[in-house]
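Everything below concerns the one structure shown next.
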Amino acid sequence: MRVVVADDSMLVREGLARLLADAGVDVVGTAGDASELVRRVELTRPDVAIVDIKMPPTHTDEGIAAAQEIREAHPKVGVLVLSQYLESRYAMRLLTEAPERVGYLLKDRVSDIAVLADALRRIDEGECVIDPTIVSRLVNRPREPGPLDELTARERDVIGLMAEGRSNQAISQTLFVSPKTVEANVRQIFRKLGLEQSPDDHRRVLAVLAALRGDAGSGAGPA
Amino acid sequence: MWDDADMRALRLALWPAGFVLGVFSLALSRGDPAFSFAGGSLGGAIALLGAGWALLACALLFWGRRPVNAFGPILASAACAWFLAEWDNPGAGSAAVFTIGLVLFAASTPLVGWAMLAYPTGSVARWSGRAAVAIALGGAVIVLGLVPTLVYDPAAQGCAQCPANLLLIADDPGLYDDVNRLGIRLGLVWALVLIAVAGWGLARSSPARRRVVVPVVLAGSAHLAFVAATFAASLDRGFVGSGALERRLWLGQAAALVALALAVGWGLVQARRTRAAVARIVVELAEPAAAGSLRDALARTLDDPRLELAYPVGEGRYVDASGHQVNLAVSGGRSATPLVRDGRPVAVLVHRAGLLDTPALLEEVTSTAHLALENERLQAEARAQLEDLRASRARIVEAADEERRRLERDLHDGAQQRLVGLSLALRLLRGRVDPRTELVARLDEADTELQRAVTELRELAHGIHPAALSDEGLAVALEALVERASTPLRVGDMPRERFPPSVETAAYILVAETAKAGAVSVGACRHDGVLVVEAVAETAPEGLVELDDRFGALDGTLLVEGRPDGGVRIRAEIPCG
């Protein structure tokens with residue numbers, strides 16, 4: 001697999017490149033900011049670009065904009081955004097603005113080469129990847145009574161894996177159940193939460209994330 | 001020079017003197033009634049005395065009320081001169097009286113003109129006015145009075161009963177006639193010029209000043225117009241006769257003088273009313289009053305609803321009654337007048353231009369409202385100091401917040417990046433170590449510790465300052481807080497716009513602190529330049545004092561009240577420009 005790495009910290013950029021190289025990933029270019037990244041992608045046409053969310057000049061969300069730009073210009077190039085933000089809003093923005101072949105991982109996860117390699121592989125295969133820590137925080141956050149309470153323990157596991165961007169096939173393998181059972185679980189979840197089933201994986205992730213965030217029907221003002 | 005007591009004595013002496021002067025002049029006019037409008041009839045007597053005494057009385061009253069104002073003495077002279085016109089009566093009996101009458105018989109009219117132009121300040125504002133007054137006086141006293149007198153021998157001109165002319169040099173009927181004709185022509189001119197100057201001044205003055213001046217100018221001009229008509233009627237004859245027309249014109253002059261006296265008296269009553277109104281303000285304000293009530297009272301009294309009252313608080317700064325800084329740059333139609341007491345400005349009035357161009361009114365306001373002004377100035381000063389203090393607290397809070405933002409960024413972009421880089425380096429190292437050695441386990445332990453450090457650092461940085469708040473504002477930061485809160489937090493309607501950082505931070509901290517204590521439902525809206533945050537919570541947040549300080553520094557309010565169900569309702573208001 002061919003990747004480009006973009007991070008304004010040289011320590012992280014070079015460390016990541018070498019770690020990936022050790023794991024047999026072909027690092028075809030590195031970049032210190034967004035515009036350099038776009039040039040590298042243009043030149044090398046990698047399978048996936050790994051992008052730090054904070055880059056010069058404002059150090060806020062340049063990575064998201066770069067991901068969107070790359071996804072529009074090169075639909076075959078996937079983008080993995082690395083972030084220190086645990087909040088789901090950047091992940092949501094990434095999924096909204098740059099559909100398909102995108103991933104959002106916490107930066108401290110990159111030293112775990114297995115996690116990183118898995119994410120790169122899934123993005124390359126066309127899936128979305130959302131960091132499990134973010135998802136589990138969303139699933140387990142304290143909330144007022146609502147439709148999520150009606151989910152069974154198994155359904156809660158399934159909805160978490162869906163939110164991470166896993167396919168039904170991957171979920172059945174992770175949970176050691178048959179694909180048919182997973183499909184039934186998914187149907188139940190969508191019914192209980194009042195969501196529309198969508199054949200599109202990335203839309204499914206967005207819908208599930210929104211439900212977990214409480215976006216749907218959350219317009220209640222102060223009591 | 002005369003001191004105040006002398007002037008006062010003179011003024012008081014003029015009351016009886018004026019009475020005697022009137023009676024004496026009437027007696028003179030009866031010496032030969034054929035030569036006098038006043039002496040011929042009861043009506044004439046009433047006109048002479050009524051006009052003269054009314055004018056003198058008002059002049060003396062004005063003089064008494066405003067001792068340093070020259071208008072009083074000028075008008076008093078005009079009143080006296082009005083009587084002197086009777087002194088050149090052939091039956092005067094006294095050479096001295098007769099001679100004075102010959103010289104000053106026309107002196108009253110220019111003095112009335114002078115008084116009219118000098119009302120109410122006591123001085124004639126423009127050079128054109130001063131020149132007109134000088135020419136009129138010269139024309140009346142020298143051309144019409146003195147010069148003909150020098151060449152007029154009453155005995156030689158067939159007036160056997162006339163007293164002697166004490167100023168006679170040589171009898172010259174030809175010259176007497178020529179000078180008299182010139183004086184009458186000149187008189188017609190200066191009488192009309194005085195009317196024109198007064199009219200022009202009236203047209204150019206401010207509405208407020210016009211209101212004060214117009215009755216006096218109208219009455220004075222009427223008098224001058226009657227005099228001008230008399231001169232016009234005498235152009236052919238060469239001397240002022242005593243026919244039926246002249247008599248009617250003279251009665252008109254007298255009536256106009258009475259009107260002038262009334263106009264001056266009305267002005268005095270108005271000034272007294274203003275003074276009484278200002279005095280009422282002082283009484284009203286004797287009780288503790290709300291900030292700004294003095295301004296309201298003055299605005300009512302001076303009939304200028306937009307009146308502003310500003311107090312100097314040093315360093316060229318001015319504040320209103322509530323202590324807020326005021327910009328004294330005056331714009332169209334407004335002007336600023338300092339109210340000075342003991343050489344020190346106690347306040348500045350920003351008012352309709354021309355409202356206070358009567359020094360007397362300004363004096364009234366300053367002297368009567370002085371205590372109230374001083375009182376409110378001190379309060380305004382105290383409030384300004386409080387305002388300064390609040391601004392200083394706001395700056396301290398802002399500086400601390402800014403420092404936290406900087407610290408958060410440094411932790412995120414600096415320390416955390418380094419730790420991630422270090423973690424990567426450890427992994428690389430682990431890949432190069434023989435997996436069978438104990439070193440691998442040590443490296444894994446170190447890496448686990450490092451991961452914990454990264455996580456803790458992230459939480460620490462977030463606790464110092466949530467990046468979402470400065471990056472994307474209150475609404476987004478609170479949505480992010482929902483995911484991180486340990487208790488259910490419901491965020492309702494929130495304004496999506498950005499507010500000043502200190503406002504956003506205060507609102508965020510309020511919600512974050514409240515959410516620490518228990519479940520919260522919160523919403524906010526912007527209303528009239530105020531961010532209103534309302535929350536219903538299980539319990540009140542801890543550190544209410546610190547929160548209160550923060551809101552106080554922003555000039556905001558924080559209200560926490562219990563609810564029947566045991567929860568609390570929180571309402572915070574922060575001005576946000």
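Note on naming: chains are A, B, ... as they come in the structure tokens, residues start from 1 per chain, ligands start from 1 in the order shown.
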
Would you mind listing, for every residue of chain B within 8 Å of chain A, the two atoms forming the shortest contact and the distance between them in Å to one decimal, using only C-alpha atoms, sorted by chain and ascending residue number, as JSON lines?
```
{"residue": "B:His412", "atom": "CA", "partner": "A:Gln84", "partner_atom": "CA", "distance": 7.7}
{"residue": "B:Gln417", "atom": "CA", "partner": "A:Ser9", "partner_atom": "CA", "distance": 7.0}
{"residue": "B:Arg418", "atom": "CA", "partner": "A:Leu11", "partner_atom": "CA", "distance": 7.2}
{"residue": "B:Val420", "atom": "CA", "partner": "A:Asp108", "partner_atom": "CA", "distance": 5.9}
{"residue": "B:Gly421", "atom": "CA", "partner": "A:Val12", "partner_atom": "CA", "distance": 4.5}
{"residue": "B:Leu422", "atom": "CA", "partner": "A:Leu11", "partner_atom": "CA", "distance": 8.0}
{"residue": "B:Ser423", "atom": "CA", "partner": "A:Ser111", "partner_atom": "CA", "distance": 6.1}
{"residue": "B:Leu424", "atom": "CA", "partner": "A:Ser111", "partner_atom": "CA", "distance": 5.0}
{"residue": "B:Ala425", "atom": "CA", "partner": "A:Gly15", "partner_atom": "CA", "distance": 6.1}
{"residue": "B:Arg427", "atom": "CA", "partner": "A:Ser111", "partner_atom": "CA", "distance": 6.3}
{"residue": "B:Leu428", "atom": "CA", "partner": "A:Leu19", "partner_atom": "CA", "distance": 5.9}
{"residue": "B:Gly431", "atom": "CA", "partner": "A:Asp22", "partner_atom": "CA", "distance": 7.9}
{"residue": "B:Gln451", "atom": "CA", "partner": "A:Asp108", "partner_atom": "CA", "distance": 6.8}
{"residue": "B:Val454", "atom": "CA", "partner": "A:Asp108", "partner_atom": "CA", "distance": 6.9}
{"residue": "B:Thr455", "atom": "CA", "partner": "A:Asp108", "partner_atom": "CA", "distance": 8.0}
{"residue": "B:Arg458", "atom": "CA", "partner": "A:Gln84", "partner_atom": "CA", "distance": 7.5}
{"residue": "B:Asp471", "atom": "CA", "partner": "A:Thr60", "partner_atom": "CA", "distance": 7.2}
{"residue": "B:Ala480", "atom": "CA", "partner": "A:Glu87", "partner_atom": "CA", "distance": 5.7}
{"residue": "B:Glu483", "atom": "CA", "partner": "A:Arg141", "partner_atom": "CA", "distance": 6.1}
{"residue": "B:Arg484", "atom": "CA", "partner": "A:Arg141", "partner_atom": "CA", "distance": 7.3}
{"residue": "B:Ala485", "atom": "CA", "partner": "A:Pro142", "partner_atom": "CA", "distance": 7.5}
{"residue": "B:Ser486", "atom": "CA", "partner": "A:Pro142", "partner_atom": "CA", "distance": 6.4}
{"residue": "B:Thr487", "atom": "CA", "partner": "A:Pro142", "partner_atom": "CA", "distance": 5.4}
{"residue": "B:Pro488", "atom": "CA", "partner": "A:Arg143", "partner_atom": "CA", "distance": 4.5}
{"residue": "B:Leu489", "atom": "CA", "partner": "A:Arg143", "partner_atom": "CA", "distance": 7.0}
{"residue": "B:Arg490", "atom": "CA", "partner": "A:Ser218", "partner_atom": "CA", "distance": 8.0}
{"residue": "B:Val491", "atom": "CA", "partner": "A:Gly221", "partner_atom": "CA", "distance": 7.2}
{"residue": "B:Gly492", "atom": "CA", "partner": "A:Gly221", "partner_atom": "CA", "distance": 3.9}
{"residue": "B:Asp493", "atom": "CA", "partner": "A:Gly221", "partner_atom": "CA", "distance": 5.3}
{"residue": "B:Ser521", "atom": "CA", "partner": "A:Pro222", "partner_atom": "CA", "distance": 5.5}
{"residue": "B:Val522", "atom": "CA", "partner": "A:Pro222", "partner_atom": "CA", "distance": 5.0}
{"residue": "B:Gly523", "atom": "CA", "partner": "A:Pro222", "partner_atom": "CA", "distance": 5.0}
{"residue": "B:Glu534", "atom": "CA", "partner": "A:Pro222", "partner_atom": "CA", "distance": 6.5}
{"residue": "B:Ala535", "atom": "CA", "partner": "A:Pro222", "partner_atom": "CA", "distance": 5.9}
{"residue": "B:Val536", "atom": "CA", "partner": "A:Ala223", "partner_atom": "CA", "distance": 6.5}
```

All residues 9 Å or closer to region 49-53 of chain A, only C-alpha atoms, same chain fewer than 2 positions away omitted, as an NGL selection string: :A and (2-8 or 33-34 or 37 or 41 or 46-47 or 55 or 59-67 or 70 or 77-85 or 107 or 120)

Which of chain A DSSP labels strand (DSSP E), written as a list in words: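 Reading the DSSP output for chain A, strand (DSSP E) covers Arg2, Val3, Val4, Val5, Ala6, Asp26, Val27, Val28, Gly29, Thr30, Ala31, Val48, Ala49, Ile50, Val51, Asp52, Gly78, Val79, Leu80, Val81, Leu82, Ser83, Val102, Gly103, Tyr104, Leu105, Leu106, Val129 and Ile130 of chain A.
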
Once you have the residues from the selection above, write them out as a compact mmCIF listing (two decimals), in the first residue's frame, restricted to N, CA and C atoms.
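Just written: part19.txt:
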```txt
# COMPACT_ATOMS: atom_id res chain seq x y z
N ARG A 2 0.42 2.28 -0.75
CA ARG A 2 1.21 3.51 -0.87
C ARG A 2 0.50 4.64 -0.11
N VAL A 3 1.26 5.29 0.75
CA VAL A 3 0.65 6.39 1.53
C VAL A 3 1.52 7.64 1.49
N VAL A 4 0.85 8.77 1.76
CA VAL A 4 1.55 10.05 1.98
C VAL A 4 1.24 10.48 3.41
N VAL A 5 2.24 11.00 4.13
CA VAL A 5 2.04 11.41 5.52
C VAL A 5 2.20 12.94 5.63
N ALA A 6 1.19 13.58 6.22
CA ALA A 6 1.28 15.04 6.42
C ALA A 6 1.09 15.39 7.88
N ASP A 26 4.30 1.38 1.98
CA ASP A 26 5.17 2.17 1.12
C ASP A 26 4.87 3.67 1.31
N VAL A 27 5.71 4.38 2.05
CA VAL A 27 5.50 5.81 2.26
C VAL A 27 6.12 6.56 1.07
N VAL A 28 5.25 7.08 0.20
CA VAL A 28 5.76 7.66 -1.04
C VAL A 28 6.00 9.17 -0.93
N GLY A 29 5.62 9.75 0.19
CA GLY A 29 5.88 11.19 0.33
C GLY A 29 5.47 11.69 1.71
N THR A 30 6.08 12.79 2.17
CA THR A 30 5.67 13.43 3.42
C THR A 30 5.47 14.92 3.15
N ALA A 31 4.65 15.55 4.02
CA ALA A 31 4.36 16.98 3.84
C ALA A 31 4.21 17.65 5.19
N VAL A 48 -3.75 6.04 0.23
CA VAL A 48 -4.32 6.79 1.34
C VAL A 48 -3.38 7.93 1.74
N ALA A 49 -3.96 9.08 2.09
CA ALA A 49 -3.16 10.17 2.66
C ALA A 49 -3.46 10.24 4.15
N ILE A 50 -2.39 10.27 4.97
CA ILE A 50 -2.58 10.40 6.42
C ILE A 50 -2.35 11.87 6.76
N VAL A 51 -3.36 12.51 7.37
CA VAL A 51 -3.33 13.97 7.52
C VAL A 51 -3.56 14.37 8.97
N ASP A 52 -2.67 15.19 9.51
CA ASP A 52 -2.90 15.74 10.85
C ASP A 52 -4.00 16.81 10.73
N GLY A 78 -7.89 7.64 -0.58
CA GLY A 78 -8.56 7.73 0.72
C GLY A 78 -7.83 8.70 1.63
N VAL A 79 -8.50 9.17 2.69
CA VAL A 79 -7.85 10.11 3.62
C VAL A 79 -8.09 9.66 5.06
N LEU A 80 -7.02 9.56 5.81
CA LEU A 80 -7.13 9.25 7.24
C LEU A 80 -6.70 10.50 8.02
N VAL A 81 -7.66 11.08 8.76
CA VAL A 81 -7.36 12.29 9.53
C VAL A 81 -6.97 11.90 10.96
N LEU A 82 -5.81 12.39 11.39
CA LEU A 82 -5.38 12.15 12.77
C LEU A 82 -5.69 13.39 13.60
N SER A 83 -6.23 13.16 14.79
CA SER A 83 -6.69 14.32 15.57
C SER A 83 -6.45 14.12 17.05
N VAL A 102 -12.86 7.70 4.03
CA VAL A 102 -12.22 8.59 4.99
C VAL A 102 -12.19 7.94 6.36
N GLY A 103 -11.26 8.37 7.18
CA GLY A 103 -11.16 7.85 8.54
C GLY A 103 -10.76 8.94 9.50
N TYR A 104 -11.16 8.76 10.77
CA TYR A 104 -10.85 9.75 11.78
C TYR A 104 -10.32 8.99 13.00
N LEU A 105 -9.02 9.13 13.26
CA LEU A 105 -8.40 8.40 14.36
C LEU A 105 -7.77 9.38 15.34
N LEU A 106 -7.81 9.01 16.62
CA LEU A 106 -7.09 9.81 17.61
C LEU A 106 -5.61 9.66 17.38
N VAL A 129 -13.79 4.92 8.70
CA VAL A 129 -13.23 4.52 9.98
C VAL A 129 -13.42 5.64 10.99
N ILE A 130 -14.08 5.30 12.10
CA ILE A 130 -14.22 6.27 13.18
C ILE A 130 -13.60 5.68 14.42
```

Distance in Å - CA of Leu75 (chain B) versus CA of Val112 (chain B):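 Straight-line distance from CA of Leu75 (chain B) to CA of Val112 (chain B) works out to 6.5 Å.
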
Surrounding residues of region 161-175 of chain A excluding itself and chain neighbours under 6 positions, 12 Å, only C-alpha atoms, as a PyMOL selection string: chain A and resi 88+91-92+95+100-105+118-119+122-123+125-139+154-155+181-187+189-190+199-213

Residue set, region 110-308 of chain B restricted to helix (DSSP H, G or I), as a ChimeraX atom specification: /B:110-118,127-150,173-204,207-233,244-284,293-302

Shortest interatomic distance to Lys192 (chain A) - which of A:Glu97, A:Asp157, A:Glu36, A:Glu150, counting only C-alpha atoms: A:Glu150

Distance in Å - CA of Gly252 (chain B) versus CA of Phe226 (chain B):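 Those two atoms sit 6.3 Å apart.
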
Atomic separation - CA of Val68 (chain B) relative to CA of Val133 (chain B), Å: 20.6 Å

Near-Gly556 (chain B) list (12 Å; only C-alpha atoms; drop same-chain fewer than 6 positions) as a list of chain:residue names: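 Contacts, in chain order: B:Arg390, B:Ala394, B:Ser502, B:Val503, B:Ala506, B:Ala507, B:Gly529, B:Val530, B:Leu531, B:Val532, B:Val533, B:Leu547, B:Asp548, B:Asp549, B:Arg550, B:Arg571, B:Ala572, B:Glu573, B:Ile574, B:Pro575, B:Cys576, B:Gly577.
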
For Ala34 (chain B): contacts at 10 Å, only C-alpha atoms, fewer than 4 positions along chain excluded, given as a PyMOL selection string: chain B and resi 29-30+38-40+89-90+242-243

Show me, as a CSV table (one decimal) with N, CA, C and O atoms, in the first residue's frame, the residues that have an atom within 6 Å of Pro541 (chain B) when counting only C-alpha atoms, minus same-chain residues fewer than 2 positions from it.
```
chain,number,residue,atom,x,y,z
B,513,GLU,N,-19.7,24.0,35.0
B,513,GLU,CA,-19.7,23.9,36.5
B,513,GLU,C,-21.0,23.3,36.9
B,513,GLU,O,-21.0,22.5,37.9
B,514,THR,N,-22.1,23.7,36.3
B,514,THR,CA,-23.4,23.2,36.7
B,514,THR,C,-23.5,21.8,36.4
B,514,THR,O,-24.0,21.0,37.1
B,517,ALA,N,-22.2,19.2,38.7
B,517,ALA,CA,-22.9,18.9,39.9
B,517,ALA,C,-24.1,18.0,39.7
B,517,ALA,O,-24.6,17.3,40.6
```
